[in-house]
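To start, the structure under review is shown below, and the notes come after it.
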Amino acid sequence: MIRDFHVAPADEDIGYYAGFVGAAYMLGRALTSVCWGMLADKYGRKPIIITGAIIVVIFNTLFGFSVNLWMDISTRFLLGSLNGIIGPIYAYACESVPYEYQALGLSTVSSAWSIALIMGPAVGGFLAQPTEKYPSLFSKGSIFGRFPYLLPCLCISAFALPVAIGSFWLPETLHIHNETKSVEDTSSPKALKGATSEAPSKSLIKNWPLLSAIIVYCIFSLHDMAYSEIFSLWAVSPRKLGGLSYTTDRVGIVLSITGVGMLIFQLFIYPHVQKLLGPILLVRISGVLSIPLLQSYPLIALLSGLSLTLVINFASIAKNSMTMAAITSLLLMQSRAVDQDQRGTANGIAVTSMSLFKAIGPVIGGALLSWAEKRRHARFLPGSMMMFFLLNVVELAAVLLTFKPFLVERLA
């Protein structure tokens with residue numbers, strides 16, 4: 001899409017401009033997530049979920065009608081700011097299941113979210129520019145010839161519409177208890193003492209188990225967003241620039257296979273591993289194992305044929321699965337760090353903080369790719385080797401923060 005807008009002076013600069021489109025959504029989400037979380041704590045999770053699903057239908061369709069870069073950025077920004085579904089849906093996942101199944105509940109949401117992030121580009125790769133890929137079905141004089149990226153947006157909106165309608169039948173999980181107490185209860189010294197001791201725990205700013213989990217979560221999210229931005233752009237980059245020379249169709253196939261692998265891992269493997277290792281240890285192991293895997297990507301680019309297909313698919317599944325294992329574990333720690341009446345707001349703070357980091361993730365990722373492709377002949381870590389090395393520096397920083405005294409769990 002950025003290439004077709006003719007705003008990039010050279011192919012190496014496309015990633016730079018694409019980063020701003022991805023950042024616009026995250027910036028919009030960062031500005032409003034706390035407000036959406038507070039509304040979810042006051043009025044319930046269900047109204048916010050319904051509103052968010054409807055907003056997806058509207059603004060995702062408008063995105064397909066974009067005719068220039070500024071319309072691209074504007075529709076993504078509005079989609080992010082008006083869609084407050086993320087925080088409430090995490091709260092909903094924790095509240096709809098017993099405590100011992102919260103890991104499974106959150107892993108289900110994380111699976112859906114991560115698979116959407118994988119399958120979205122895959123759908124775009126298959127359905128974008130349909131008049132060129134499927135001329136027998138779509139003529140250049142049709143609406144899809146004028147708006148070559150409308151078809152994948154319409155397909156996603158068509159999927160989101162029944163989800164929005166079905167959300168009206170969701171049961172509400174926010175239970176608003178009657179907090180009025182009798183005069184005898186509130187006037188007793190024991191009750192007064194209890195009220196005094198519970199007051200500090202209500203301050204989210206002083207809740208270090210929550211804040212530490214959010215900080216580590218943000219750094220992992222920054223790494224994940226930059227990686228996601230880089231991977232597709234790197235895969236379609238020509239071999240002479242250190243990429244794989246993949247077509248958008250081939251990238252879509254890789255991402256589709258990755259989505260299936262992540263679904264299997266998150267639903268059937270992650271809950272058992274998390275129960276065995278605990279969330280903090282699982283975050284550490286996932287981060288440590290991701291570093292050598294990611295640094296091997298420039299070597300994978302030297303392969304070809306069947307060996308390249310097999311290795312890049314395995315690497316993509318492993319990398320994304322480990323990332324989502326870490327992020328899901330940190331989400332679990334965040335949800336357990338607060339009581340139900342603050343969970344929506346706490347998740348809103350987490351989404352706001354994470355969105356700020358994710359807003360710069362695409363920009364950093366796109367800029368890194370453009371810079372790396374221009375230094376292919378450097379002596380120290382030439383080309384993509386430096387790009388993946390810097391991604392690993394961010395990953396290593398996140399892993400180091402998982403040790404005490406920084407990251408702690410709330411005692412049950």
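By order of appearance in the structure tokens: chains A, B, ..., then residues from 1 within every chain, and ligands from 1 in the order shown.
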Contact table segment 221-273 of chain A vs segment 7-11 of chain A, cut-off 12 Å, shortest pair per residue, only C-alpha atoms, as CSV:
```
residue,atom,partner,partner_atom,distance
A:Leu233,CA,A:Asp11,CA,10.6
A:Trp234,CA,A:Asp11,CA,11.8
A:Val236,CA,A:Asp11,CA,11.0
A:Ser237,CA,A:Asp11,CA,8.8
A:Pro238,CA,A:Asp11,CA,10.1
A:Leu241,CA,A:Asp11,CA,10.4
```
Would you write out those residues with N, CA, C and O atoms, as a PDB file, in the first residue's frame?
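Output file selection_8.pdb is given in full below:
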```
ATOM      1  N   LEU A 233       8.314  -7.220   6.118  1.00  0.00           N
ATOM      2  CA  LEU A 233       9.090  -6.369   5.214  1.00  0.00           C
ATOM      3  C   LEU A 233      10.410  -7.029   4.826  1.00  0.00           C
ATOM      4  O   LEU A 233      10.847  -6.946   3.676  1.00  0.00           O
ATOM      5  N   TRP A 234      11.038  -7.692   5.803  1.00  0.00           N
ATOM      6  CA  TRP A 234      12.292  -8.401   5.539  1.00  0.00           C
ATOM      7  C   TRP A 234      12.065  -9.578   4.593  1.00  0.00           C
ATOM      8  O   TRP A 234      12.876  -9.834   3.690  1.00  0.00           O
ATOM      9  N   VAL A 236       9.861  -9.923   2.195  1.00  0.00           N
ATOM     10  CA  VAL A 236       9.615  -9.519   0.799  1.00  0.00           C
ATOM     11  C   VAL A 236      10.776  -8.730   0.216  1.00  0.00           C
ATOM     12  O   VAL A 236      10.777  -8.431  -0.986  1.00  0.00           O
ATOM     13  N   SER A 237      11.756  -8.367   1.040  1.00  0.00           N
ATOM     14  CA  SER A 237      12.925  -7.650   0.525  1.00  0.00           C
ATOM     15  C   SER A 237      13.728  -8.552  -0.403  1.00  0.00           C
ATOM     16  O   SER A 237      13.800  -9.772  -0.201  1.00  0.00           O
ATOM     17  N   PRO A 238      14.332  -7.975  -1.419  1.00  0.00           N
ATOM     18  CA  PRO A 238      15.121  -8.805  -2.345  1.00  0.00           C
ATOM     19  C   PRO A 238      16.355  -9.403  -1.683  1.00  0.00           C
ATOM     20  O   PRO A 238      16.844  -8.901  -0.670  1.00  0.00           O
ATOM     21  N   LEU A 241      19.354  -7.323  -0.750  1.00  0.00           N
ATOM     22  CA  LEU A 241      19.256  -6.486   0.449  1.00  0.00           C
ATOM     23  C   LEU A 241      19.240  -7.314   1.726  1.00  0.00           C
ATOM     24  O   LEU A 241      19.031  -6.775   2.809  1.00  0.00           O
TER      25      LEU A 241
END
```
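Residues lying within 7 Å of segment 304-313 of chain A, counting only C-alpha atoms and ignoring same-chain neighbours fewer than 3 positions away, are Val254, Thr258, Ile300, Ser316 and Ile317 of chain A.
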Give me a file of those residues, with N, CA and C atoms, as a CSV table (one decimal), in the first residue's frame.
```csv
chain,number,residue,atom,x,y,z
A,254,VAL,N,3.4,-18.4,5.1
A,254,VAL,CA,4.2,-18.5,6.3
A,254,VAL,C,3.4,-18.1,7.5
A,258,THR,N,2.2,-20.2,10.8
A,258,THR,CA,2.5,-19.7,12.1
A,258,THR,C,1.3,-19.6,13.0
A,300,ILE,N,19.4,-18.0,8.0
A,300,ILE,CA,18.3,-18.6,7.3
A,300,ILE,C,18.1,-18.0,5.9
A,316,SER,N,9.5,-19.2,12.6
A,316,SER,CA,8.5,-18.3,12.8
A,316,SER,C,7.5,-18.8,13.9
A,317,ILE,N,7.2,-20.1,13.8
A,317,ILE,CA,6.3,-20.7,14.8
A,317,ILE,C,6.9,-20.6,16.2
```
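Between Pro279 of chain A and the candidates A:Leu331, A:Leu174, A:Ala372, A:Ala24, the tightest atom-to-atom separation, counting only C-alpha atoms, involves A:Leu331.
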Would you mind listing what lies within 10 Å of Ser33 of chain A as a ChimeraX atom specification, with only C-alpha atoms counted and same-chain residues fewer than 2 positions away left out?
/A:28-31,35-39,80-88,344-353,355
Between atom CA of Leu255 of chain A and atom CA of Lys374 of chain A - distance in Å to one decimal:
26.5 Å
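When only C-alpha atoms are used to measure the gap to Ser245 of chain A, the shortest distance among A:Ser232, A:Gln102, A:Ser66, A:Gln129 belongs to A:Ser232.
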Residue contacts of Leu127 of chain A (7 Å, only C-alpha atoms) excluding same-chain residues fewer than 4 positions away, as JSON, numbers by chain
{"A": [123, 151, 152]}
Pull N, CA, C and O atoms from the residues just selected and write them as a PDB file, in the first residue's frame.
```pdb
ATOM      1  N   VAL A 123      -4.186 -12.625   5.208  1.00  0.00           N
ATOM      2  CA  VAL A 123      -5.372 -12.282   4.413  1.00  0.00           C
ATOM      3  C   VAL A 123      -5.042 -11.149   3.456  1.00  0.00           C
ATOM      4  O   VAL A 123      -5.436 -11.160   2.276  1.00  0.00           O
ATOM      5  N   LEU A 151     -10.648  -5.201  -0.607  1.00  0.00           N
ATOM      6  CA  LEU A 151     -11.172  -6.559  -0.440  1.00  0.00           C
ATOM      7  C   LEU A 151     -10.754  -7.206   0.883  1.00  0.00           C
ATOM      8  O   LEU A 151     -11.616  -7.730   1.599  1.00  0.00           O
ATOM      9  N   PRO A 152      -9.473  -7.200   1.268  1.00  0.00           N
ATOM     10  CA  PRO A 152      -9.121  -7.810   2.562  1.00  0.00           C
ATOM     11  C   PRO A 152      -9.771  -7.080   3.739  1.00  0.00           C
ATOM     12  O   PRO A 152     -10.149  -7.720   4.725  1.00  0.00           O
TER      13      PRO A 152
END
```
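The shortest atom-to-atom distance to Leu289 of chain A, with only C-alpha atoms taken into account, belongs to A:Val399 out of A:Leu302, A:Val399, A:Met119, A:Ala367.
Atom pair atom CA of Leu381 of chain A / atom CA of Ile360 of chain A: separated by 23.6 Å.
Picture a line from atom CA of Gly261 of chain A to atom CA of Phe231 of chain A; it runs 17.0 Å.
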Find the residues near segment 14-18 of chain A: any atom within 9 Å, counting only C-alpha atoms, skip ones fewer than 2 places away on the same chain, and give them as a ChimeraX atom specification.
/A:1-3,7-12,20-23,69,229-230,233,362-370
